[in-house]
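upload30.pdb (PDB, C-alpha atoms and all ligand atoms)
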ATOM      1  CA  MET A   1      86.186  75.546  98.218
ATOM      2  CA  ASN A   2      89.746  76.713  97.641
ATOM      3  CA  LYS A   3      92.076  74.932 100.046
ATOM      4  CA  TYR A   4      93.815  78.167 101.047
ATOM      5  CA  LEU A   5      90.570  79.998 101.876
ATOM      6  CA  SER A   6      89.266  80.394 105.458
ATOM      7  CA  ILE A   7      85.783  81.878 105.765
ATOM      8  CA  SER A   8      84.892  83.009 109.293
ATOM      9  CA  PRO A   9      81.953  81.135 110.873
ATOM     10  CA  GLU A  10      79.778  84.276 110.905
ATOM     11  CA  VAL A  11      80.428  85.076 107.231
ATOM     12  CA  GLU A  12      80.001  81.442 106.241
ATOM     13  CA  GLU A  13      76.623  81.255 107.983
ATOM     14  CA  ALA A  14      75.417  84.500 106.392
ATOM     15  CA  LEU A  15      76.428  83.325 102.910
ATOM     16  CA  ARG A  16      74.795  79.936 103.432
ATOM     17  CA  ASN A  17      71.525  81.650 104.446
ATOM     18  CA  HIS A  18      71.685  84.142 101.538
ATOM     19  CA  GLN A  19      72.067  87.075 103.927
ATOM     20  CA  PRO A  20      73.893  90.269 102.939
ATOM     21  CA  VAL A  21      77.687  90.310 103.344
ATOM     22  CA  VAL A  22      80.075  93.202 102.579
ATOM     23  CA  ALA A  23      83.789  92.665 101.903
ATOM     24  CA  LEU A  24      86.368  95.164 103.227
ATOM     25  CA  GLU A  25      90.042  95.532 102.273
ATOM     26  CA  SER A  26      93.027  95.512 104.627
ATOM     27  CA  THR A  27      95.633  97.663 102.812
ATOM     28  CA  ILE A  28      93.563 100.653 103.925
ATOM     29  CA  ILE A  29      94.282  99.414 107.496
ATOM     30  CA  SER A  30      98.009  98.656 107.153
ATOM     31  CA  HIS A  31      99.069 101.287 104.618
ATOM     32  CA  GLY A  32      96.162 103.713 104.312
ATOM     33  CA  MET A  33      95.896 105.168 107.820
ATOM     34  CA  PRO A  34      98.129 105.468 110.911
ATOM     35  CA  TYR A  35      97.724 103.353 114.055
ATOM     36  CA  PRO A  36      95.487 103.509 116.089
ATOM     37  CA  GLN A  37      93.023 105.409 113.840
ATOM     38  CA  ASN A  38      93.313 102.582 111.291
ATOM     39  CA  VAL A  39      92.073  99.924 113.750
ATOM     40  CA  GLU A  40      89.402 102.216 115.229
ATOM     41  CA  THR A  41      88.128 103.017 111.742
ATOM     42  CA  ALA A  42      88.169  99.392 110.587
ATOM     43  CA  LEU A  43      86.087  98.363 113.611
ATOM     44  CA  ARG A  44      83.705 101.328 113.165
ATOM     45  CA  VAL A  45      83.238 100.413 109.504
ATOM     46  CA  GLU A  46      82.366  96.835 110.515
ATOM     47  CA  GLN A  47      79.861  98.169 113.088
ATOM     48  CA  THR A  48      78.288 100.494 110.500
ATOM     49  CA  ILE A  49      77.767  97.529 108.188
ATOM     50  CA  ARG A  50      76.102  95.576 110.992
ATOM     51  CA  ASP A  51      73.910  98.589 111.885
ATOM     52  CA  HIS A  52      72.671  98.565 108.296
ATOM     53  CA  GLY A  53      71.757  94.885 108.323
ATOM     54  CA  ALA A  54      74.758  93.172 106.704
ATOM     55  CA  VAL A  55      77.683  91.073 107.916
ATOM     56  CA  PRO A  56      81.180  92.574 107.416
ATOM     57  CA  ALA A  57      83.976  90.415 105.993
ATOM     58  CA  THR A  58      87.336  92.123 106.414
ATOM     59  CA  ILE A  59      89.691  90.370 104.020
ATOM     60  CA  ALA A  60      93.413  89.755 104.590
ATOM     61  CA  ILE A  61      96.118  87.114 104.302
ATOM     62  CA  ILE A  62      97.287  85.788 107.645
ATOM     63  CA  GLY A  63      99.893  83.078 107.959
ATOM     64  CA  GLY A  64      99.352  82.088 104.339
ATOM     65  CA  ARG A  65      95.578  81.744 104.716
ATOM     66  CA  LEU A  66      93.176  83.804 102.604
ATOM     67  CA  LYS A  67      90.785  85.158 105.243
ATOM     68  CA  ALA A  68      87.228  86.168 104.421
ATOM     69  CA  GLY A  69      86.238  87.638 107.780
ATOM     70  CA  CYS A  70      88.887  88.759 110.270
ATOM     71  CA  THR A  71      88.482  88.828 114.048
ATOM     72  CA  PRO A  72      88.991  92.132 115.934
ATOM     73  CA  GLU A  73      92.301  90.652 117.152
ATOM     74  CA  GLU A  74      93.434  90.038 113.565
ATOM     75  CA  ILE A  75      92.455  93.603 112.614
ATOM     76  CA  GLU A  76      94.448  94.932 115.592
ATOM     77  CA  TYR A  77      97.430  92.784 114.526
ATOM     78  CA  LEU A  78      97.395  94.122 110.939
ATOM     79  CA  GLY A  79      96.876  97.704 112.112
ATOM     80  CA  LYS A  80      99.729  97.592 114.596
ATOM     81  CA  LYS A  81     102.139  95.985 112.115
ATOM     82  CA  GLY A  82     101.159  98.685 109.601
ATOM     83  CA  PRO A  83     103.348  99.061 106.504
ATOM     84  CA  ALA A  84     105.535  96.160 107.739
ATOM     85  CA  VAL A  85     102.773  93.902 106.384
ATOM     86  CA  THR A  86     103.284  93.110 102.696
ATOM     87  CA  LYS A  87     100.934  95.089 100.464
ATOM     88  CA  ALA A  88      99.565  92.154  98.505
ATOM     89  CA  SER A  89      98.365  92.528  94.944
ATOM     90  CA  ARG A  90      97.549  89.695  92.493
ATOM     91  CA  ARG A  91     101.203  89.026  91.648
ATOM     92  CA  ASP A  92     102.111  88.606  95.340
ATOM     93  CA  LEU A  93      99.668  85.825  96.168
ATOM     94  CA  PRO A  94     101.593  82.741  95.001
ATOM     95  CA  VAL A  95     104.787  83.343  96.981
ATOM     96  CA  LEU A  96     103.065  84.774 100.085
ATOM     97  CA  ILE A  97     100.760  81.761 100.292
ATOM     98  CA  ALA A  98     103.500  79.222  99.598
ATOM     99  CA  ARG A  99     105.638  80.754 102.351
ATOM    100  CA  GLY A 100     102.765  81.067 104.840
ATOM    101  CA  GLU A 101     103.202  84.811 105.224
ATOM    102  CA  ASP A 102     100.867  87.740 105.981
ATOM    103  CA  GLY A 103      99.544  90.168 103.390
ATOM    104  CA  ALA A 104      97.311  93.218 103.422
ATOM    105  CA  THR A 105      94.847  92.966 100.562
ATOM    106  CA  THR A 106      94.472  95.790  98.036
ATOM    107  CA  VAL A 107      91.289  96.321  96.049
ATOM    108  CA  THR A 108      92.622  93.697  93.619
ATOM    109  CA  THR A 109      93.218  90.886  96.100
ATOM    110  CA  THR A 110      90.142  91.766  98.159
ATOM    111  CA  MET A 111      88.073  91.283  94.977
ATOM    112  CA  ILE A 112      89.800  87.967  94.241
ATOM    113  CA  ILE A 113      89.185  86.578  97.721
ATOM    114  CA  ALA A 114      85.635  88.004  97.961
ATOM    115  CA  ALA A 115      84.742  86.300  94.672
ATOM    116  CA  MET A 116      86.248  83.000  95.873
ATOM    117  CA  ALA A 117      84.119  83.215  99.016
ATOM    118  CA  GLY A 118      80.948  84.195  97.110
ATOM    119  CA  ILE A 119      80.757  87.829  98.310
ATOM    120  CA  GLN A 120      79.474  90.280  95.691
ATOM    121  CA  VAL A 121      79.712  93.709  97.333
ATOM    122  CA  PHE A 122      82.894  95.402  98.566
ATOM    123  CA  ALA A 123      83.237  98.802 100.259
ATOM    124  CA  THR A 124      86.463 100.786 100.361
ATOM    125  CA  GLY A 125      87.780 104.353 100.235
ATOM    126  CA  GLY A 126      89.612 104.807  96.955
ATOM    127  CA  ILE A 127      90.821 102.531  94.168
ATOM    128  CA  GLY A 128      94.122 102.492  92.341
ATOM    129  CA  GLY A 129      94.161 103.724  88.742
ATOM    130  CA  VAL A 130      96.280 105.198  85.977
ATOM    131  CA  HIS A 131      98.988 107.447  87.420
ATOM    132  CA  HIS A 132     100.046 110.794  85.966
ATOM    133  CA  HIS A 133     102.727 110.267  83.272
ATOM    134  CA  ALA A 134     101.717 106.617  82.895
ATOM    135  CA  GLN A 135     102.501 107.154  79.212
ATOM    136  CA  GLN A 136     106.157 106.968  80.323
ATOM    137  CA  THR A 137     106.078 105.014  83.585
ATOM    138  CA  PHE A 138     103.449 102.357  82.714
ATOM    139  CA  ASP A 139     102.154 102.779  86.299
ATOM    140  CA  ILE A 140      98.624 101.474  86.027
ATOM    141  CA  SER A 141      97.113  99.825  89.094
ATOM    142  CA  ALA A 142      96.247  96.147  88.929
ATOM    143  CA  ASP A 143      92.905  97.230  90.439
ATOM    144  CA  LEU A 144      91.688  98.213  86.963
ATOM    145  CA  GLU A 145      92.511  94.797  85.495
ATOM    146  CA  GLU A 146      90.745  93.113  88.393
ATOM    147  CA  LEU A 147      87.628  95.209  87.813
ATOM    148  CA  ALA A 148      87.792  93.949  84.234
ATOM    149  CA  GLN A 149      87.734  90.294  85.199
ATOM    150  CA  THR A 150      86.369  89.611  88.701
ATOM    151  CA  PRO A 151      82.631  89.796  89.453
ATOM    152  CA  VAL A 152      82.509  92.089  92.485
ATOM    153  CA  MET A 153      80.817  95.483  92.888
ATOM    154  CA  VAL A 154      83.335  97.946  94.330
ATOM    155  CA  ILE A 155      81.856 100.927  96.167
ATOM    156  CA  CYS A 156      84.369 103.764  96.557
ATOM    157  CA  ALA A 157      84.418 107.569  96.856
ATOM    158  CA  GLY A 158      86.002 107.979  93.436
ATOM    159  CA  PRO A 159      89.651 107.890  92.409
ATOM    160  CA  LYS A 160      91.939 110.443  94.059
ATOM    161  CA  GLY A 161      93.622 113.273  92.201
ATOM    162  CA  ILE A 162      96.956 111.533  92.799
ATOM    163  CA  LEU A 163      95.819 109.643  89.663
ATOM    164  CA  ASP A 164      95.138 110.830  86.134
ATOM    165  CA  LEU A 165      91.337 110.656  86.287
ATOM    166  CA  GLY A 166      90.823 111.073  82.546
ATOM    167  CA  LEU A 167      93.169 108.217  81.674
ATOM    168  CA  THR A 168      91.685 106.073  84.453
ATOM    169  CA  LEU A 169      88.215 106.505  82.900
ATOM    170  CA  GLU A 170      89.577 105.695  79.431
ATOM    171  CA  TYR A 171      91.168 102.503  80.724
ATOM    172  CA  LEU A 172      87.950 101.421  82.449
ATOM    173  CA  GLU A 173      86.005 102.081  79.258
ATOM    174  CA  THR A 174      88.411  99.950  77.227
ATOM    175  CA  LYS A 175      88.082  97.149  79.772
ATOM    176  CA  GLY A 176      84.275  97.293  79.770
ATOM    177  CA  VAL A 177      83.870  98.277  83.405
ATOM    178  CA  PRO A 178      80.659 100.221  84.116
ATOM    179  CA  VAL A 179      81.495 103.445  85.997
ATOM    180  CA  ILE A 180      78.455 104.411  88.054
ATOM    181  CA  GLY A 181      77.827 107.634  89.957
ATOM    182  CA  TYR A 182      75.653 107.176  93.033
ATOM    183  CA  GLN A 183      73.153 110.030  92.993
ATOM    184  CA  THR A 184      75.529 112.033  90.803
ATOM    185  CA  ASP A 185      76.374 112.533  87.123
ATOM    186  CA  GLU A 186      79.868 113.722  87.980
ATOM    187  CA  LEU A 187      82.741 111.472  88.988
ATOM    188  CA  PRO A 188      83.622 112.319  92.604
ATOM    189  CA  ALA A 189      87.338 112.634  93.389
ATOM    190  CA  PHE A 190      87.570 111.105  96.866
ATOM    191  CA  TYR A 191      88.166 114.170  99.121
ATOM    192  CA  THR A 192      85.945 116.358  96.983
ATOM    193  CA  ARG A 193      82.607 115.778  95.270
ATOM    194  CA  HIS A 194      83.795 117.230  91.992
ATOM    195  CA  SER A 195      86.289 116.194  89.320
ATOM    196  CA  GLY A 196      84.917 117.760  86.148
ATOM    197  CA  PHE A 197      84.547 114.268  84.598
ATOM    198  CA  GLU A 198      81.251 112.510  83.918
ATOM    199  CA  VAL A 199      80.381 108.985  84.984
ATOM    200  CA  ASP A 200      78.836 106.508  82.528
ATOM    201  CA  TYR A 201      75.549 106.238  84.411
ATOM    202  CA  ARG A 202      73.881 107.802  87.398
ATOM    203  CA  LEU A 203      71.962 105.396  89.640
ATOM    204  CA  ASP A 204      70.011 106.665  92.633
ATOM    205  CA  THR A 205      69.103 103.731  94.884
ATOM    206  CA  PRO A 206      70.681 100.529  96.248
ATOM    207  CA  GLN A 207      67.964  98.655  94.352
ATOM    208  CA  GLU A 208      69.120 100.168  91.044
ATOM    209  CA  LEU A 209      72.727  99.247  91.822
ATOM    210  CA  ALA A 210      71.699  95.676  92.622
ATOM    211  CA  ALA A 211      69.596  95.413  89.445
ATOM    212  CA  ALA A 212      72.458  96.592  87.225
ATOM    213  CA  PHE A 213      74.907  94.169  88.817
ATOM    214  CA  ARG A 214      72.427  91.304  88.511
ATOM    215  CA  ALA A 215      71.909  92.099  84.826
ATOM    216  CA  LYS A 216      75.663  92.120  84.221
ATOM    217  CA  GLN A 217      75.961  88.696  85.836
ATOM    218  CA  ALA A 218      72.972  87.292  83.968
ATOM    219  CA  LEU A 219      74.425  88.507  80.679
ATOM    220  CA  GLY A 220      77.563  86.519  81.413
ATOM    221  CA  LEU A 221      79.732  89.632  81.165
ATOM    222  CA  ARG A 222      83.003  89.222  82.983
ATOM    223  CA  GLY A 223      84.237  91.634  85.606
ATOM    224  CA  GLY A 224      82.929  93.978  88.237
ATOM    225  CA  MET A 225      81.327  97.363  88.502
ATOM    226  CA  LEU A 226      82.688 100.577  89.963
ATOM    227  CA  VAL A 227      80.263 102.592  92.081
ATOM    228  CA  ASN A 228      81.408 106.100  92.989
ATOM    229  CA  ASN A 229      79.694 107.485  96.080
ATOM    230  CA  PRO A 230      80.587 111.127  96.736
ATOM    231  CA  ILE A 231      81.878 112.150 100.160
ATOM    232  CA  PRO A 232      79.053 113.854 102.146
ATOM    233  CA  GLU A 233      79.111 117.621 101.556
ATOM    234  CA  GLU A 234      79.832 118.458 105.207
ATOM    235  CA  TYR A 235      83.060 116.435 105.199
ATOM    236  CA  SER A 236      84.363 117.291 101.746
ATOM    237  CA  MET A 237      87.599 119.280 101.553
ATOM    238  CA  PRO A 238      88.115 122.614  99.769
ATOM    239  CA  ALA A 239      89.454 121.847  96.280
ATOM    240  CA  ASP A 240      92.369 124.313  96.548
ATOM    241  CA  VAL A 241      93.595 122.806  99.849
ATOM    242  CA  ILE A 242      93.551 119.235  98.601
ATOM    243  CA  ASN A 243      94.941 120.061  95.160
ATOM    244  CA  PHE A 244      97.839 121.939  96.736
ATOM    245  CA  ALA A 245      98.673 118.886  98.881
ATOM    246  CA  ILE A 246      98.336 116.467  95.964
ATOM    247  CA  ASN A 247     100.558 118.559  93.690
ATOM    248  CA  MET A 248     103.215 118.883  96.368
ATOM    249  CA  ALA A 249     103.135 115.116  97.050
ATOM    250  CA  LEU A 250     103.417 114.384  93.309
ATOM    251  CA  ARG A 251     106.441 116.694  92.988
ATOM    252  CA  GLU A 252     108.142 115.044  95.956
ATOM    253  CA  ALA A 253     107.496 111.565  94.596
ATOM    254  CA  GLU A 254     109.052 112.587  91.288
ATOM    255  CA  GLU A 255     112.104 114.167  92.946
ATOM    256  CA  LYS A 256     112.654 111.097  95.122
ATOM    257  CA  GLY A 257     112.072 108.710  92.228
ATOM    258  CA  VAL A 258     109.353 106.807  94.142
ATOM    259  CA  HIS A 259     107.947 104.047  91.944
ATOM    260  CA  GLY A 260     106.253 100.638  91.883
ATOM    261  CA  LYS A 261     104.107  99.510  94.792
ATOM    262  CA  GLN A 262     105.514 102.275  97.059
ATOM    263  CA  CYS A 263     104.016 104.993  94.882
ATOM    264  CA  THR A 264     100.399 105.000  96.121
ATOM    265  CA  PRO A 265     101.251 104.592  99.866
ATOM    266  CA  PHE A 266     103.878 107.367  99.561
ATOM    267  CA  LEU A 267     101.414 109.794  97.972
ATOM    268  CA  LEU A 268      98.640 108.967 100.465
ATOM    269  CA  GLU A 269     100.946 109.484 103.441
ATOM    270  CA  ARG A 270     102.287 112.802 102.133
ATOM    271  CA  VAL A 271      98.819 114.149 101.336
ATOM    272  CA  LYS A 272      97.751 113.307 104.862
ATOM    273  CA  ASP A 273     100.789 115.043 106.424
ATOM    274  CA  ILE A 274     100.603 118.124 104.191
ATOM    275  CA  THR A 275      96.937 118.667 105.077
ATOM    276  CA  GLY A 276      97.807 118.357 108.768
ATOM    277  CA  GLY A 277      95.516 115.399 109.325
ATOM    278  CA  ASP A 278      92.399 117.063 107.832
ATOM    279  CA  SER A 279      92.441 114.568 104.993
ATOM    280  CA  LEU A 280      92.411 111.680 107.482
ATOM    281  CA  ALA A 281      89.143 112.926 109.010
ATOM    282  CA  ALA A 282      87.589 113.178 105.536
ATOM    283  CA  ASN A 283      88.956 109.741 104.644
ATOM    284  CA  ILE A 284      87.308 108.135 107.688
ATOM    285  CA  GLN A 285      83.927 109.743 106.942
ATOM    286  CA  LEU A 286      83.840 108.701 103.310
ATOM    287  CA  VAL A 287      84.671 105.093 104.161
ATOM    288  CA  LEU A 288      81.795 105.017 106.663
ATOM    289  CA  ASN A 289      79.536 106.516 104.000
ATOM    290  CA  ASN A 290      80.566 103.784 101.541
ATOM    291  CA  ALA A 291      80.025 101.081 104.167
ATOM    292  CA  ARG A 292      76.426 102.244 104.651
ATOM    293  CA  LEU A 293      75.677 102.174 100.932
ATOM    294  CA  ALA A 294      77.390  98.790 100.525
ATOM    295  CA  ALA A 295      75.340  97.227 103.337
ATOM    296  CA  MET A 296      72.094  98.494 101.811
ATOM    297  CA  THR A 297      73.153  97.317  98.347
ATOM    298  CA  ALA A 298      74.160  93.867  99.612
ATOM    299  CA  ALA A 299      70.710  93.654 101.207
ATOM    300  CA  ALA A 300      69.044  94.704  97.939
ATOM    301  CA  MET A 301      71.059  91.994  96.163
ATOM    302  CA  CYS A 302      69.525  89.337  98.440
ATOM    303  CA  VAL A 303      65.850  90.019  97.616
TER     304      VAL A 303
HETATM  305  N1  LIG B 401      93.770 104.702  96.933
HETATM  306  C1  LIG B 401      93.314 105.315  98.028
HETATM  307  N2  LIG B 401      93.433 104.695  99.216
HETATM  308  C2  LIG B 401      94.026 103.463  99.343
HETATM  309  C3  LIG B 401      94.510 102.822  98.161
HETATM  310  C4  LIG B 401      94.370 103.484  96.984
HETATM  311  O1  LIG B 401      92.779 106.398  97.927
HETATM  312  O2  LIG B 401      94.133 102.927 100.461
HETATM  313  C5  LIG B 401      95.123 101.448  98.275
HETATM  314  C6  LIG B 401      94.079 100.381  97.926
HETATM  315  O3  LIG B 401      94.359  99.202  98.666
HETATM  316  C7  LIG B 401      94.336 100.137  96.458
HETATM  317  C8  LIG B 401      95.845 100.250  96.394
HETATM  318  O4  LIG B 401      93.890  98.890  95.987
HETATM  319  O5  LIG B 401      96.152 101.322  97.287
HETATM  320  C9  LIG B 401      96.341 100.526  94.996
HETATM  321  O6  LIG B 401      97.731 100.467  94.978
HETATM  322  P1  LIG B 401      98.501 100.526  93.571
HETATM  323  O7  LIG B 401      98.278 101.908  93.048
HETATM  324  O8  LIG B 401      99.946 100.259  93.923
HETATM  325  O9  LIG B 401      97.906  99.476  92.705
HETATM  326 MN    MN B 402     101.269 101.082  90.602
END

Please express what this file holds, its structure, as structure tokens.
Amino acid sequence: MNKYLSISPEVEEALRNHQPVVALESTIISHGMPYPQNVETALRVEQTIRDHGAVPATIAIIGGRLKAGCTPEEIEYLGKKGPAVTKASRRDLPVLIARGEDGATTVTTTMIIAAMAGIQVFATGGIGGVHHHAQQTFDISADLEELAQTPVMVICAGPKGILDLGLTLEYLETKGVPVIGYQTDELPAFYTRHSGFEVDYRLDTPQELAAAFRAKQALGLRGGMLVNNPIPEEYSMPADVINFAINMALREAEEKGVHGKQCTPFLLERVKDITGGDSLAANIQLVLNNARLAAMTAAAMCV
């Protein structure tokens, strides 16, 4: 085992007994939602995973340790510290670990640590992708490169419209990442069920998801798989409301010259404020929905 990795006793026992485990990220806690809703949601997501027969492993970096499985106290600590915690992507790991610092894990680093621990299924809200105008800015999330190389199934509600969805799909195609729609042919776009783009394949059950992932592994193909699970109809937001907020946030980011790792947190925060908190309610529901599917898929992976 990696000398910097700490697996919680509960997660370690589940993995040893081939029981289902679901990884969860921590940037969604520190940077994705305000306190205290972030901590409440993180704990509710863990409970939902337990209710569906799997063990949750919230992943983070605490005091230079890669944690697979955080305690409620550690989740509270990360949630309270919020954006003061370093948003840790792949390039941040060496220095953070060497200095013994804290880091909130993005999709990228959650995949890295999950794979180190032997966890195959990961539930989150949204992934990073290719930003608008990436032709000029080169702003392409490291999440896409991680999906290309690390063997973890990522269950999300689709990429948000803060990204260029068409270019994000092109990038994933180039990198050989299967883009799956769960019970849908259309790529969902996080707050809404519709994007106008098609997924590569529609799969309809946790068993089908598990079978496809198993086949990928058995074929020796590198990388993960992106499962897009649409937000439940009753919680989805009207397209005009969310598009208005996204366009306004994008304009503001451009005017202010926001770039680099601040870009995604800036856009998420502005979209939330512009929608007067409605987007936060939708965000919480879609994460819970993904947690349920991830728990059932992790269970299907174990049979
Ligand atoms: N997209 C969302 N919600 C999020 C993120 C992205 O809809 O919380 C977070 C995730 O942790 C993701 C990261 O891995 O932002 C991507 O950041 P960047 O675009 O800087 O790679
Ligand atoms: Mn970026």

So that I can see what lies close to A:Pro20, please list as a count of residues only the residues with an atom at most 6 Å from it, counting all atoms listed in the file and leaving out residues fewer than 2 positions away in the same chain. 3

Using all atoms listed in the file, which protein or nucleic acid residues come within 9 Å of stretch 109-120 of chain A? Drop anything in the same chain fewer than 4 positions from it, and give the result as an NGL selection string. :A and (1-2 or 5-7 or 12 or 15 or 20-26 or 57-60 or 66-68 or 88-90 or 93 or 104-105 or 143 or 146-147 or 150-154 or 224 or 298 or 301)

Run the PyMOL selection byres (((not hetatm)) within 12 of (chain B and resi 402)) against the file shown and list the residues it catches, as a PDB file with C-alpha atoms, in the frame of the given file.
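The resulting file, expr-v1.pdb, is shown below:
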ATOM      1  CA  LYS A  87     100.934  95.089 100.464  1.00  0.00           C
ATOM      2  CA  SER A  89      98.365  92.528  94.944  1.00  0.00           C
ATOM      3  CA  THR A 106      94.472  95.790  98.036  1.00  0.00           C
ATOM      4  CA  THR A 108      92.622  93.697  93.619  1.00  0.00           C
ATOM      5  CA  ILE A 127      90.821 102.531  94.168  1.00  0.00           C
ATOM      6  CA  GLY A 128      94.122 102.492  92.341  1.00  0.00           C
ATOM      7  CA  GLY A 129      94.161 103.724  88.742  1.00  0.00           C
ATOM      8  CA  VAL A 130      96.280 105.198  85.977  1.00  0.00           C
ATOM      9  CA  HIS A 131      98.988 107.447  87.420  1.00  0.00           C
ATOM     10  CA  HIS A 132     100.046 110.794  85.966  1.00  0.00           C
ATOM     11  CA  HIS A 133     102.727 110.267  83.272  1.00  0.00           C
ATOM     12  CA  ALA A 134     101.717 106.617  82.895  1.00  0.00           C
ATOM     13  CA  THR A 137     106.078 105.014  83.585  1.00  0.00           C
ATOM     14  CA  PHE A 138     103.449 102.357  82.714  1.00  0.00           C
ATOM     15  CA  ASP A 139     102.154 102.779  86.299  1.00  0.00           C
ATOM     16  CA  ILE A 140      98.624 101.474  86.027  1.00  0.00           C
ATOM     17  CA  SER A 141      97.113  99.825  89.094  1.00  0.00           C
ATOM     18  CA  ALA A 142      96.247  96.147  88.929  1.00  0.00           C
ATOM     19  CA  ASP A 143      92.905  97.230  90.439  1.00  0.00           C
ATOM     20  CA  LEU A 144      91.688  98.213  86.963  1.00  0.00           C
ATOM     21  CA  GLU A 145      92.511  94.797  85.495  1.00  0.00           C
ATOM     22  CA  ILE A 162      96.956 111.533  92.799  1.00  0.00           C
ATOM     23  CA  LEU A 163      95.819 109.643  89.663  1.00  0.00           C
ATOM     24  CA  VAL A 258     109.353 106.807  94.142  1.00  0.00           C
ATOM     25  CA  HIS A 259     107.947 104.047  91.944  1.00  0.00           C
ATOM     26  CA  GLY A 260     106.253 100.638  91.883  1.00  0.00           C
ATOM     27  CA  LYS A 261     104.107  99.510  94.792  1.00  0.00           C
ATOM     28  CA  GLN A 262     105.514 102.275  97.059  1.00  0.00           C
ATOM     29  CA  CYS A 263     104.016 104.993  94.882  1.00  0.00           C
ATOM     30  CA  THR A 264     100.399 105.000  96.121  1.00  0.00           C
ATOM     31  CA  PRO A 265     101.251 104.592  99.866  1.00  0.00           C
ATOM     32  CA  PHE A 266     103.878 107.367  99.561  1.00  0.00           C
ATOM     33  CA  LEU A 267     101.414 109.794  97.972  1.00  0.00           C
TER      34      LEU A 267
END

Excluding A:Asn247 and its own-chain neighbours fewer than 6 positions away, which residues fall within 12 Å of it when counting all atoms listed in the file? Please give them as number ranges by chain. A: 132, 160-163, 239-241, 253-254, 267-268, 270-271, 274-275

Please write as a PDB file with C-alpha atoms, keeping the file's coordinate frame the full residue list that the PyMOL selection byres (((chain A and resi 175) around 10) and not hetatm) yields on this file.
ATOM      1  CA  LEU A 144      91.688  98.213  86.963  1.00  0.00           C
ATOM      2  CA  GLU A 145      92.511  94.797  85.495  1.00  0.00           C
ATOM      3  CA  GLU A 146      90.745  93.113  88.393  1.00  0.00           C
ATOM      4  CA  LEU A 147      87.628  95.209  87.813  1.00  0.00           C
ATOM      5  CA  ALA A 148      87.792  93.949  84.234  1.00  0.00           C
ATOM      6  CA  GLN A 149      87.734  90.294  85.199  1.00  0.00           C
ATOM      7  CA  LEU A 169      88.215 106.505  82.900  1.00  0.00           C
ATOM      8  CA  GLU A 170      89.577 105.695  79.431  1.00  0.00           C
ATOM      9  CA  TYR A 171      91.168 102.503  80.724  1.00  0.00           C
ATOM     10  CA  LEU A 172      87.950 101.421  82.449  1.00  0.00           C
ATOM     11  CA  GLU A 173      86.005 102.081  79.258  1.00  0.00           C
ATOM     12  CA  THR A 174      88.411  99.950  77.227  1.00  0.00           C
ATOM     13  CA  GLY A 176      84.275  97.293  79.770  1.00  0.00           C
ATOM     14  CA  VAL A 177      83.870  98.277  83.405  1.00  0.00           C
ATOM     15  CA  PRO A 178      80.659 100.221  84.116  1.00  0.00           C
ATOM     16  CA  ARG A 222      83.003  89.222  82.983  1.00  0.00           C
ATOM     17  CA  GLY A 223      84.237  91.634  85.606  1.00  0.00           C
TER      18      GLY A 223
END
